[in-house]
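Colleague: Input structure: query17.csv, which contains CSV, C-alpha atoms and all ligand atoms.
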chain,number,residue,atom,x,y,z
A,1,MET,CA,-55.3,145.3,131.5
A,2,GLN,CA,-53.9,148.7,130.9
A,3,GLY,CA,-52.2,149.2,127.6
A,4,LEU,CA,-54.0,146.3,125.9
A,5,THR,CA,-56.0,146.7,122.8
A,6,MET,CA,-59.7,146.2,123.0
A,7,ASN,CA,-59.2,142.8,121.3
A,8,GLU,CA,-56.7,141.5,123.9
A,9,GLU,CA,-58.8,142.7,126.8
A,10,LEU,CA,-61.8,140.9,125.3
A,11,ALA,CA,-59.7,137.8,124.7
A,12,ASN,CA,-58.6,137.7,128.3
A,13,ILE,CA,-62.2,138.0,129.4
A,14,TYR,CA,-63.2,135.1,127.2
A,15,ARG,CA,-60.3,133.1,128.6
A,16,GLN,CA,-61.7,133.7,132.1
A,17,ILE,CA,-65.2,132.7,131.0
A,18,ILE,CA,-63.7,129.4,129.6
A,19,LEU,CA,-62.0,128.8,133.0
A,20,GLU,CA,-65.1,129.7,135.0
A,21,LEU,CA,-67.1,127.2,132.9
A,22,GLY,CA,-64.7,124.5,134.0
A,23,GLU,CA,-62.8,124.1,130.7
A,24,ASN,CA,-59.1,124.2,130.1
A,25,PRO,CA,-58.2,127.2,127.9
A,26,GLU,CA,-54.8,125.7,127.3
A,27,ARG,CA,-56.0,122.5,125.6
A,28,GLU,CA,-55.4,122.5,121.8
A,29,GLY,CA,-58.9,123.1,120.6
A,30,LEU,CA,-59.4,126.1,122.9
A,31,ARG,CA,-56.0,127.7,122.7
A,32,ASP,CA,-57.0,130.3,120.2
A,33,THR,CA,-60.6,130.4,121.2
A,34,PRO,CA,-60.4,133.6,123.4
A,35,LYS,CA,-58.9,135.5,120.5
A,36,ARG,CA,-61.4,134.1,118.0
A,37,ALA,CA,-64.3,134.8,120.2
A,38,ALA,CA,-63.1,138.3,120.9
A,39,LYS,CA,-62.8,138.9,117.1
A,40,ALA,CA,-66.3,137.4,116.5
A,41,MET,CA,-67.9,139.5,119.2
A,42,GLN,CA,-66.3,142.7,117.8
A,43,PHE,CA,-67.6,141.8,114.4
A,44,LEU,CA,-71.1,141.1,115.8
A,45,THR,CA,-71.2,144.5,117.5
A,46,ARG,CA,-69.5,146.5,114.8
A,47,GLY,CA,-72.6,148.7,114.4
A,48,TYR,CA,-71.3,150.8,117.3
A,49,THR,CA,-68.4,152.0,115.3
A,50,GLN,CA,-70.5,153.1,112.3
A,51,THR,CA,-72.5,156.3,111.7
A,52,LEU,CA,-75.5,156.9,109.5
A,53,GLU,CA,-73.8,159.7,107.6
A,54,GLU,CA,-70.7,157.7,106.7
A,55,LEU,CA,-72.7,154.6,105.6
A,56,VAL,CA,-75.1,156.6,103.4
A,57,ASN,CA,-72.0,158.2,101.9
A,58,GLY,CA,-74.1,160.8,100.0
A,59,ALA,CA,-76.1,158.2,98.1
A,60,VAL,CA,-79.3,160.2,98.2
A,61,PHE,CA,-80.6,161.1,94.8
A,62,GLU,CA,-83.2,163.6,93.6
A,63,SER,CA,-86.3,162.0,92.1
A,64,ASP,CA,-89.9,163.1,91.2
A,65,THR,CA,-91.4,159.7,92.2
A,66,ASP,CA,-93.9,159.8,95.0
A,67,GLU,CA,-95.0,156.2,94.7
A,68,MET,CA,-94.2,153.7,97.4
A,69,VAL,CA,-90.8,152.0,97.3
A,70,LEU,CA,-90.5,148.7,99.0
A,71,ILE,CA,-87.4,146.7,99.9
A,72,LYS,CA,-88.4,143.2,101.1
A,73,ASP,CA,-86.6,140.4,102.8
A,74,ILE,CA,-83.4,142.1,104.0
A,75,GLU,CA,-81.8,139.4,106.1
A,76,LEU,CA,-80.7,140.4,109.5
A,77,TYR,CA,-78.5,138.9,112.3
A,78,SER,CA,-78.7,140.7,115.6
A,79,MET,CA,-78.0,139.9,119.3
A,80,CYS,CA,-80.6,140.2,122.0
A,81,GLU,CA,-79.4,142.5,124.8
A,82,HIS,CA,-80.9,140.3,127.5
A,83,HIS,CA,-79.0,137.1,126.8
A,84,LEU,CA,-76.4,138.1,124.2
A,85,LEU,CA,-77.8,135.3,122.0
A,86,PRO,CA,-78.6,135.9,118.3
A,87,PHE,CA,-82.0,136.7,116.8
A,88,ILE,CA,-82.2,136.1,113.1
A,89,GLY,CA,-84.8,137.2,110.6
A,90,LYS,CA,-85.7,139.6,107.9
A,91,CYS,CA,-86.7,143.2,107.5
A,92,HIS,CA,-89.1,144.9,105.1
A,93,ILE,CA,-88.8,148.6,104.5
A,94,ALA,CA,-91.1,150.9,102.5
A,95,TYR,CA,-91.1,154.6,102.1
A,96,LEU,CA,-93.0,157.3,100.2
A,97,PRO,CA,-90.3,159.5,98.7
A,98,SER,CA,-90.6,163.3,98.8
A,99,GLY,CA,-88.1,164.5,96.3
A,100,LYS,CA,-85.3,162.2,97.3
A,101,VAL,CA,-84.6,158.5,97.0
A,102,LEU,CA,-81.9,156.5,98.8
A,103,GLY,CA,-79.4,154.2,97.2
A,104,LEU,CA,-80.8,150.7,97.3
A,105,SER,CA,-77.9,149.0,99.2
A,106,LYS,CA,-78.1,151.6,101.9
A,107,PHE,CA,-81.3,150.2,103.3
A,108,ALA,CA,-79.4,146.9,104.0
A,109,ARG,CA,-76.5,148.9,105.5
A,110,ILE,CA,-78.9,150.8,107.8
A,111,VAL,CA,-80.4,147.5,109.0
A,112,ASP,CA,-77.0,146.1,109.6
A,113,MET,CA,-75.7,149.1,111.5
A,114,TYR,CA,-78.4,148.8,114.0
A,115,ALA,CA,-78.7,145.0,114.0
A,116,ARG,CA,-75.0,144.7,114.8
A,117,ARG,CA,-75.5,146.0,118.3
A,118,MET,CA,-77.0,144.7,121.5
A,119,GLN,CA,-80.7,145.0,120.7
A,120,ILE,CA,-84.3,144.2,121.4
A,121,GLN,CA,-86.3,143.7,118.2
A,122,GLU,CA,-88.8,146.6,118.9
A,123,ASN,CA,-86.0,149.1,119.3
A,124,LEU,CA,-84.2,147.9,116.2
A,125,THR,CA,-87.4,148.3,114.2
A,126,ARG,CA,-87.8,151.8,115.4
A,127,GLN,CA,-84.2,152.8,114.8
A,128,VAL,CA,-84.3,151.5,111.2
A,129,ALA,CA,-87.5,153.4,110.5
A,130,GLU,CA,-86.3,156.7,112.0
A,131,ALA,CA,-83.0,156.5,110.2
A,132,VAL,CA,-84.7,156.0,106.8
A,133,GLN,CA,-87.0,158.9,107.7
A,134,GLN,CA,-84.1,161.1,108.6
A,135,VAL,CA,-82.0,160.3,105.6
A,136,THR,CA,-84.8,160.5,102.9
A,137,GLY,CA,-87.2,163.1,104.4
A,138,ALA,CA,-89.9,160.7,103.2
A,139,ARG,CA,-93.7,161.4,103.6
A,140,GLY,CA,-93.9,158.1,105.3
A,141,VAL,CA,-91.8,155.1,106.4
A,142,ALA,CA,-92.9,151.6,107.3
A,143,VAL,CA,-90.6,148.9,108.7
A,144,VAL,CA,-91.6,145.3,109.6
A,145,ILE,CA,-89.1,142.8,111.2
A,146,GLU,CA,-89.8,139.1,111.5
A,147,ALA,CA,-87.3,137.2,113.6
A,148,ARG,CA,-86.6,134.1,115.6
A,149,HIS,CA,-84.8,134.5,118.9
A,150,LEU,CA,-82.3,131.9,119.9
A,151,CYS,CA,-82.8,132.8,123.6
A,152,MET,CA,-86.3,131.3,123.2
A,153,MET,CA,-85.1,128.3,121.2
A,154,MET,CA,-81.8,127.1,122.7
A,155,ARG,CA,-82.7,127.9,126.3
A,156,GLY,CA,-85.5,129.3,128.4
A,157,VAL,CA,-88.9,128.2,127.0
A,158,GLU,CA,-87.3,126.3,124.2
A,159,LYS,CA,-89.9,127.0,121.6
A,160,GLN,CA,-88.6,126.3,118.1
A,161,ASN,CA,-91.4,127.6,115.9
A,162,SER,CA,-92.5,130.9,117.2
A,163,SER,CA,-91.4,134.1,115.5
A,164,MET,CA,-91.8,137.7,116.5
A,165,SER,CA,-93.2,140.4,114.2
A,166,SER,CA,-92.6,144.1,115.0
A,167,SER,CA,-93.6,147.1,113.0
A,168,VAL,CA,-93.1,150.8,113.1
A,169,MET,CA,-95.2,153.1,110.9
A,170,LEU,CA,-94.3,156.8,110.4
A,171,GLY,CA,-96.0,159.6,108.6
A,172,ALA,CA,-98.5,158.5,105.9
A,173,PHE,CA,-98.2,154.9,106.9
A,174,ARG,CA,-99.4,155.8,110.3
A,175,ASP,CA,-102.0,158.3,109.3
A,176,ASN,CA,-103.5,156.6,106.2
A,177,PRO,CA,-105.0,153.1,106.6
A,178,THR,CA,-105.0,152.5,102.8
A,179,THR,CA,-101.3,153.2,102.5
A,180,ARG,CA,-100.6,151.0,105.5
A,181,GLN,CA,-102.8,148.2,104.1
A,182,GLU,CA,-101.0,148.4,100.7
A,183,PHE,CA,-97.7,147.9,102.4
A,184,LEU,CA,-98.9,145.0,104.5
A,185,THR,CA,-100.5,143.3,101.5
A,186,LEU,CA,-97.3,143.7,99.5
A,187,ILE,CA,-95.2,142.0,102.2
A,188,SER,CA,-97.7,139.4,103.2
A,189,GLY,CA,-97.0,137.4,100.0
A,190,ASN,CA,-93.7,136.6,101.6
A,191,ARG,CA,-94.9,135.0,104.8
A,192,GLY,CA,-95.6,131.4,105.5
A,201,LIG,N1,-89.8,142.2,123.7
A,201,LIG,C1,-88.7,141.6,123.5
A,201,LIG,N2,-88.3,140.7,124.4
A,201,LIG,C2,-87.1,140.0,124.2
A,201,LIG,C3,-86.3,140.2,123.1
A,201,LIG,N3,-85.3,139.4,123.1
A,201,LIG,C4,-85.4,138.7,124.3
A,201,LIG,N4,-86.5,139.1,124.9
A,201,LIG,C5,-87.1,138.6,126.2
A,201,LIG,O1,-86.6,139.3,127.3
A,201,LIG,C6,-87.1,138.6,128.5
A,201,LIG,C7,-86.1,138.7,129.6
A,201,LIG,O2,-86.8,138.1,130.7
A,201,LIG,P1,-86.1,137.7,132.1
A,201,LIG,O3,-87.2,137.0,132.9
A,201,LIG,O4,-85.4,138.9,132.7
A,201,LIG,O5,-85.0,136.7,131.7
A,201,LIG,P2,-85.0,135.1,131.7
A,201,LIG,O6,-85.2,134.6,133.1
A,201,LIG,O7,-83.7,134.7,131.0
A,201,LIG,O8,-86.3,134.8,130.8
A,201,LIG,P3,-86.7,133.5,130.0
A,201,LIG,O9,-86.2,133.8,128.6
A,201,LIG,O10,-88.2,133.5,130.1
A,201,LIG,O11,-86.0,132.3,130.6
A,201,LIG,C8,-87.5,137.3,128.0
A,201,LIG,O12,-88.9,137.2,128.1
A,201,LIG,C9,-87.0,137.2,126.5
A,201,LIG,O13,-87.8,136.4,125.8
A,201,LIG,C10,-86.8,141.2,122.2
A,201,LIG,O14,-86.2,141.5,121.1
A,201,LIG,N5,-88.0,141.9,122.4
A,202,ZN,ZN,-82.7,137.0,124.7
Re-express the file's structure as structure tokens.

Modeller:
Amino acid sequence: MQGLTMNEELANIYRQIILELGENPEREGLRDTPKRAAKAMQFLTRGYTQTLEELVNGAVFESDTDEMVLIKDIELYSMCEHHLLPFIGKCHIAYLPSGKVLGLSKFARIVDMYARRMQIQENLTRQVAEAVQQVTGARGVAVVIEARHLCMMMRGVEKQNSSMSSSVMLGAFRDNPTTRQEFLTLISGNRG
């Protein structure tokens, strides 16, 4: 495979998978599938090619506010690292600014950068929280992710209605029960 681009190597591997599964990669419907699948998988893991610095792009602004900022219902599509099947859900992020606020869209970009990798939900939650903390220098950061895992729905235990909630509380959200409760109350209106 020497000399091939990443995409061609991946496409060859998908062609092999199709063969191993007993299908004919030359039949019309499957002819371009290895290439398409390779492209799709590269898209779904594009978070590996991004860095926090480049996605934030300097969009950190000075501000006197020290009140909680909450961004709710950021949709996320990730891929479980155990089965390479999707998990799909939403992410809520709150932080207590300390002299700096982050451009609104950047929260979604941070979620995507870590979601578009092979993940488990708990690690994704922590990585998002630590990235927000790092970029904003906030007094506290709280992240909750609620997601459904296709590896539990399409296969395995085949449970269609369970969802998983994971949270990470940093700084004031960890130390101060009132602050944590305020955040949980604000996002709880969304559930159900
Ligand atoms: N904690 C956690 N577990 C996950 C996540 N995604 C998938 N899993 C679990 O990872 C586990 C892998 O278990 P194994 O027994 O090694 O794999 P398996 O035989 O395919 O397991 P089953 O899914 O129970 O059939 C399963 O319990 C999955 O439900 C995640 O984001 N967080
Ligand atoms: Zn899984």

Colleague: Would you list the contacts of Val135 of chain A as an MDAnalysis selection string, taking every protein, DNA or RNA residue within 12 Å and counting all atoms listed in the file, but skipping same-chain residues closer than 5 positions in sequence?

Modeller: chainID A and resid 51:61 95 97:103 106:107 110 128:130 141

Colleague: Kindly indicate which residue among A:Leu21, A:Leu44, A:Met154, A:Ala138 lies nearest to Phe173 of chain A, using all atoms listed in the file for the distances.

Modeller: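 Checking each of A:Leu21, A:Leu44, A:Met154, A:Ala138 against Phe173 of chain A, counting all atoms listed in the file, the winner is A:Ala138.
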
Colleague: For His83 of chain A, which residue out of A:Arg116, A:His149, A:Arg126, A:Lys39 is the nearest one, using only C-alpha atoms?

Modeller: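 Residue with the minimum atom-to-atom distance to His83 of chain A: A:His149.
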
Colleague: Hey, can you check how far atom CA of Arg31 of chain A sits from atom CA of Ile13 of chain A?

Modeller: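 Distance between the two atoms: 13.8 Å.
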
Colleague: Which residue out of A:Glu146, A:Glu67, A:Glu9, A:Glu158 has the minimum interatomic distance to ligand ZN 202 (chain A) when all atoms listed in the file are used?

Modeller: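 Of the candidates, the smallest distance to ligand ZN 202 (chain A) is held by A:Glu158.
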
Colleague: Around ligand LIG 201 (chain A), at most 12 Å away and counting all atoms listed in the file, which residues are there? Put them as a ChimeraX atom specification, please.

Modeller: /A:77-89,115,117-126,145-159,162-166

Colleague: Leaving out Ile74 of chain A and any residue of its chain fewer than 5 positions from it, which residues lie within 7 Å of it when counting all atoms listed in the file, given as a list in words?

Modeller: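 Final neighbour list, sorted by chain and number: Lys90, Cys91, His92 and Ala108 of chain A.
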
Colleague: What does the file look like for those residues with C-alpha atoms, as a PDB file, in the frame of the given file?

Modeller:
ATOM      1  CA  LYS A  90     -85.700 139.600 107.900  1.00  0.00           C
ATOM      2  CA  CYS A  91     -86.700 143.200 107.500  1.00  0.00           C
ATOM      3  CA  HIS A  92     -89.100 144.900 105.100  1.00  0.00           C
ATOM      4  CA  ALA A 108     -79.400 146.900 104.000  1.00  0.00           C
TER       5      ALA A 108
END

Colleague: Which of these, A:Thr45, A:Gln181, A:Gln16, A:Thr136, has the shortest distance to Glu62 of chain A once you count only C-alpha atoms?

Modeller: A:Thr136

Colleague: Could you tell me how far atom CA of Pro177 of chain A sits from atom CA of Lys72 of chain A, in Å to one decimal place?

Modeller: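 Computed distance, atom CA of Lys72 of chain A to atom CA of Pro177 of chain A, equals 20.1 Å.
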
Colleague: Identify, on the basis of all atoms listed in the file, every residue whose closest approach to Leu30 of chain A does not exceed 12 Å; exclude the query and any residue fewer than 4 positions from it along the same chain; express the result as a PyMOL selection string.

Modeller: chain A and resi 11+14-15+17-19+23-26+34-37

Colleague: One decimal, Å: what's the distance from atom CA of Asp73 of chain A over to atom CA of Asp112 of chain A, could you say?

Modeller: 13.1 Å

Colleague: Between A:Gln50, A:Gln42, A:Gln133, A:Thr178, which residue has the minimum interatomic distance to Tyr114 of chain A, considering only C-alpha atoms?

Modeller: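 Of A:Gln50, A:Gln42, A:Gln133, A:Thr178, the one nearest Tyr114 of chain A is A:Gln50, counting only C-alpha atoms.
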
Colleague: Neighbours of Glu182 of chain A within 12 Å (only C-alpha atoms; same-chain residues fewer than 6 positions away dropped), as a ChimeraX atom specification?

Modeller: /A:67-70,94-96,142,172-173,176,188-189

Colleague: Please write as a PyMOL selection string the list of polymer residues whose atoms come within 6 Å of (-94.7, 149.4, 109.4), counting all atoms listed in the file and keeping to the coordinates of the file.

Modeller: chain A and resi 142-144+167-169

Colleague: Can you put N, CA and C atoms back into segment 72-93 of chain A and show it as a PDB file, keeping the file's coordinate frame?

Modeller:
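What follows is the written file rebuild-v9.pdb:
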ATOM      1  N   LYS A  72     -87.879 144.334 100.270  1.00  0.00           N
ATOM      2  CA  LYS A  72     -88.400 143.200 101.100  1.00  0.00           C
ATOM      3  C   LYS A  72     -87.223 142.262 101.430  1.00  0.00           C
ATOM      4  N   ASP A  73     -87.422 141.520 102.504  1.00  0.00           N
ATOM      5  CA  ASP A  73     -86.600 140.400 102.800  1.00  0.00           C
ATOM      6  C   ASP A  73     -85.086 140.719 102.990  1.00  0.00           C
ATOM      7  N   ILE A  74     -84.809 141.811 103.652  1.00  0.00           N
ATOM      8  CA  ILE A  74     -83.400 142.100 104.000  1.00  0.00           C
ATOM      9  C   ILE A  74     -83.057 141.237 105.187  1.00  0.00           C
ATOM     10  N   GLU A  75     -82.123 140.312 105.001  1.00  0.00           N
ATOM     11  CA  GLU A  75     -81.800 139.400 106.100  1.00  0.00           C
ATOM     12  C   GLU A  75     -81.101 140.150 107.224  1.00  0.00           C
ATOM     13  N   LEU A  76     -81.360 139.734 108.440  1.00  0.00           N
ATOM     14  CA  LEU A  76     -80.700 140.400 109.500  1.00  0.00           C
ATOM     15  C   LEU A  76     -80.234 139.396 110.610  1.00  0.00           C
ATOM     16  N   TYR A  77     -79.099 139.695 111.178  1.00  0.00           N
ATOM     17  CA  TYR A  77     -78.500 138.900 112.300  1.00  0.00           C
ATOM     18  C   TYR A  77     -78.282 139.947 113.398  1.00  0.00           C
ATOM     19  N   SER A  78     -78.954 139.766 114.524  1.00  0.00           N
ATOM     20  CA  SER A  78     -78.700 140.700 115.600  1.00  0.00           C
ATOM     21  C   SER A  78     -78.489 139.876 116.901  1.00  0.00           C
ATOM     22  N   MET A  79     -78.370 140.579 118.016  1.00  0.00           N
ATOM     23  CA  MET A  79     -78.000 139.900 119.300  1.00  0.00           C
ATOM     24  C   MET A  79     -78.911 140.484 120.364  1.00  0.00           C
ATOM     25  N   CYS A  80     -79.661 139.622 121.043  1.00  0.00           N
ATOM     26  CA  CYS A  80     -80.600 140.200 122.000  1.00  0.00           C
ATOM     27  C   CYS A  80     -79.792 140.664 123.247  1.00  0.00           C
ATOM     28  N   GLU A  81     -80.191 141.834 123.709  1.00  0.00           N
ATOM     29  CA  GLU A  81     -79.400 142.500 124.800  1.00  0.00           C
ATOM     30  C   GLU A  81     -79.632 141.853 126.122  1.00  0.00           C
ATOM     31  N   HIS A  82     -80.624 140.959 126.211  1.00  0.00           N
ATOM     32  CA  HIS A  82     -80.900 140.300 127.500  1.00  0.00           C
ATOM     33  C   HIS A  82     -79.971 139.103 127.724  1.00  0.00           C
ATOM     34  N   HIS A  83     -79.715 138.355 126.660  1.00  0.00           N
ATOM     35  CA  HIS A  83     -79.000 137.100 126.800  1.00  0.00           C
ATOM     36  C   HIS A  83     -77.688 137.051 125.965  1.00  0.00           C
ATOM     37  N   LEU A  84     -77.503 138.064 125.142  1.00  0.00           N
ATOM     38  CA  LEU A  84     -76.400 138.100 124.200  1.00  0.00           C
ATOM     39  C   LEU A  84     -76.419 136.832 123.295  1.00  0.00           C
ATOM     40  N   LEU A  85     -77.636 136.439 122.921  1.00  0.00           N
ATOM     41  CA  LEU A  85     -77.800 135.300 122.000  1.00  0.00           C
ATOM     42  C   LEU A  85     -78.396 135.943 120.680  1.00  0.00           C
ATOM     43  N   PRO A  86     -78.197 135.268 119.564  1.00  0.00           N
ATOM     44  CA  PRO A  86     -78.600 135.900 118.300  1.00  0.00           C
ATOM     45  C   PRO A  86     -80.164 135.885 118.146  1.00  0.00           C
ATOM     46  N   PHE A  87     -80.645 136.858 117.443  1.00  0.00           N
ATOM     47  CA  PHE A  87     -82.000 136.700 116.800  1.00  0.00           C
ATOM     48  C   PHE A  87     -81.767 136.988 115.325  1.00  0.00           C
ATOM     49  N   ILE A  88     -82.512 136.221 114.541  1.00  0.00           N
ATOM     50  CA  ILE A  88     -82.200 136.100 113.100  1.00  0.00           C
ATOM     51  C   ILE A  88     -83.543 136.283 112.365  1.00  0.00           C
ATOM     52  N   GLY A  89     -83.541 137.070 111.321  1.00  0.00           N
ATOM     53  CA  GLY A  89     -84.800 137.200 110.600  1.00  0.00           C
ATOM     54  C   GLY A  89     -84.664 138.065 109.375  1.00  0.00           C
ATOM     55  N   LYS A  90     -85.770 138.728 109.045  1.00  0.00           N
ATOM     56  CA  LYS A  90     -85.700 139.600 107.900  1.00  0.00           C
ATOM     57  C   LYS A  90     -86.498 140.870 108.136  1.00  0.00           C
ATOM     58  N   CYS A  91     -86.125 141.857 107.348  1.00  0.00           N
ATOM     59  CA  CYS A  91     -86.700 143.200 107.500  1.00  0.00           C
ATOM     60  C   CYS A  91     -87.264 143.663 106.210  1.00  0.00           C
ATOM     61  N   HIS A  92     -88.452 144.260 106.276  1.00  0.00           N
ATOM     62  CA  HIS A  92     -89.100 144.900 105.100  1.00  0.00           C
ATOM     63  C   HIS A  92     -89.190 146.371 105.354  1.00  0.00           C
ATOM     64  N   ILE A  93     -88.777 147.147 104.373  1.00  0.00           N
ATOM     65  CA  ILE A  93     -88.800 148.600 104.500  1.00  0.00           C
ATOM     66  C   ILE A  93     -89.561 149.217 103.338  1.00  0.00           C
TER      67      ILE A  93
END
